[in-house]
Amino acid sequence: MPEETLLAFDYGTKKIGVAIGNSLIRQARPLEVLMPSTRAQRFAELARLIDQWQPARLIVGLPLATDGAEQYASMRCRRFANQLRGRFGALVELVDERGSSIEAQELLGTHEADDAVAAAVILQRYFDSLPA
């Protein structure tokens, strides 16, 4: 895989955690938390990030039930991923996000979830799944 910048999203209806990383060093880091109040604002903020970082692909966390089954939140995240593809012509991949918020809390040492850290956990899982 050539060197690529990637953005990852921990999507929620009220907040979207964002992380960044590149495929050369395969390390993710939290970037920011978007808190758009309207759909137009959400896509304006996403466009700003995509313009700024020029990612080669976008990673979206896919919330699955503990048994791996799809749930209502899974459908919302799939729709978000499809919107990213459609609006920005981006390559989008879904990554199982089960337990990412808990892992983010453990990394932070607090019970307060940081959506950007959860997005970094999701992106790191993507990097870790790539062949060496």
# chains A, B, ... in the order shown; residues from 1 in each chain; ligands from 1
>>> residues_around(residues="Ser23 (chain A)", least_positions_apart="2", cutoff="6 Å", atoms="only C-alpha atoms", output="ChimeraX atom specification")
/A:3-4,25-26
>>> residues_around(residues="region 79-89 of chain A", least_positions_apart="5", cutoff="8 Å", atoms="only C-alpha atoms", output="ChimeraX atom specification")
/A:11,47,60,94
>>> write_last_selection(atoms="C-alpha atoms", output="PDB file, in the first residue's frame")
ATOM      1  CA  TYR A  11     -20.207   8.514  13.990  1.00  0.00           C
ATOM      2  CA  ALA A  47     -15.791  19.068   3.774  1.00  0.00           C
ATOM      3  CA  VAL A  60     -16.144   4.633   9.520  1.00  0.00           C
ATOM      4  CA  LEU A  94     -16.258   0.138   7.545  1.00  0.00           C
TER       5      LEU A  94
END
>>> residues_around(residues="Thr66 (chain A)", least_positions_apart="3", cutoff="12 Å", atoms="only C-alpha atoms", output="list in words")
Pro63, Ala69, Glu70, Gln71, Asp96, Glu97, Arg98 and Gly99 of chain A
>>> residues_around(residues="region 32-43 of chain A", least_positions_apart="6", cutoff="8 Å", atoms="only C-alpha atoms", output="list in words")
Lys14, Lys15, Ile16, Gly17, Val18, Ala19, Asp115 and Ala116 of chain A
>>> write_last_selection(atoms="N, CA and C atoms", output="short mmCIF file (atom, residue, chain, number, x, y, z; two decimals), in the first residue's frame")
data_model
loop_
_atom_site.label_atom_id
_atom_site.label_comp_id
_atom_site.auth_asym_id
_atom_site.auth_seq_id
_atom_site.Cartn_x
_atom_site.Cartn_y
_atom_site.Cartn_z
N LYS A 14 -25.24 13.07 17.44
CA LYS A 14 -24.94 14.36 18.08
C LYS A 14 -23.47 14.76 17.93
N LYS A 15 -22.58 13.76 17.91
CA LYS A 15 -21.14 14.03 17.83
C LYS A 15 -20.50 13.05 16.85
N ILE A 16 -19.42 13.53 16.25
CA ILE A 16 -18.63 12.68 15.37
C ILE A 16 -17.17 12.81 15.79
N GLY A 17 -16.61 11.74 16.32
CA GLY A 17 -15.19 11.74 16.65
C GLY A 17 -14.38 11.54 15.38
N VAL A 18 -13.28 12.27 15.27
CA VAL A 18 -12.44 12.21 14.08
C VAL A 18 -11.00 11.90 14.50
N ALA A 19 -10.37 11.00 13.75
CA ALA A 19 -8.97 10.66 13.97
C ALA A 19 -8.26 10.69 12.62
N ASP A 115 -14.84 10.93 21.90
CA ASP A 115 -15.17 10.38 20.59
C ASP A 115 -13.99 10.39 19.64
N ALA A 116 -13.11 11.38 19.76
CA ALA A 116 -11.93 11.41 18.89
C ALA A 116 -10.97 10.27 19.22
#
>>> select_by_dssp(residues="region 23-120 of chain A", states="strand (DSSP E or B)", output="ChimeraX atom specification")
/A:27-34,57-62,91-96
>>> write_last_selection(atoms="C-alpha atoms", output="PDB file, in the first residue's frame")
ATOM      1  CA  GLN A  27      -0.443   4.998  13.824  1.00  0.00           C
ATOM      2  CA  ALA A  28      -3.736   6.740  14.510  1.00  0.00           C
ATOM      3  CA  ARG A  29      -4.205   9.856  16.605  1.00  0.00           C
ATOM      4  CA  PRO A  30      -7.298  11.718  17.752  1.00  0.00           C
ATOM      5  CA  LEU A  31      -8.001  14.867  15.760  1.00  0.00           C
ATOM      6  CA  GLU A  32     -11.219  16.516  16.939  1.00  0.00           C
ATOM      7  CA  VAL A  33     -14.874  16.065  17.814  1.00  0.00           C
ATOM      8  CA  LEU A  34     -17.471  17.570  15.506  1.00  0.00           C
ATOM      9  CA  ARG A  57      -9.694   6.919   2.189  1.00  0.00           C
ATOM     10  CA  LEU A  58     -12.142   7.306   5.034  1.00  0.00           C
ATOM     11  CA  ILE A  59     -12.770   4.770   7.780  1.00  0.00           C
ATOM     12  CA  VAL A  60     -16.144   4.633   9.520  1.00  0.00           C
ATOM     13  CA  GLY A  61     -16.739   2.674  12.703  1.00  0.00           C
ATOM     14  CA  LEU A  62     -19.547   0.135  12.348  1.00  0.00           C
ATOM     15  CA  LEU A  91     -13.085   5.458  -0.749  1.00  0.00           C
ATOM     16  CA  VAL A  92     -14.837   4.441   2.461  1.00  0.00           C
ATOM     17  CA  GLU A  93     -14.277   1.332   4.548  1.00  0.00           C
ATOM     18  CA  LEU A  94     -16.258   0.138   7.545  1.00  0.00           C
ATOM     19  CA  VAL A  95     -14.479  -1.236  10.624  1.00  0.00           C
ATOM     20  CA  ASP A  96     -16.057  -3.090  13.540  1.00  0.00           C
TER      21      ASP A  96
END
>>> select_by_dssp(residues="region 37-79 of chain A", states="helix (DSSP H, G or I)", output="list in words")
Arg39, Ala40, Gln41, Arg42, Phe43, Ala44, Glu45, Leu46, Ala47, Arg48, Leu49, Ile50, Asp51, Gln52, Trp53, Tyr72, Ala73, Ser74, Met75, Arg76, Cys77, Arg78 and Arg79 of chain A
>>> atom_distance(atom1="CA of Gly68 (chain A)", atom2="CA of Leu107 (chain A)")
23.8 Å
>>> atom_distance(atom1="CA of Ser100 (chain A)", atom2="CA of Arg125 (chain A)")
9.5 Å
>>> atom_distance(atom1="CA of Ala104 (chain A)", atom2="CA of Val121 (chain A)")
6.8 Å
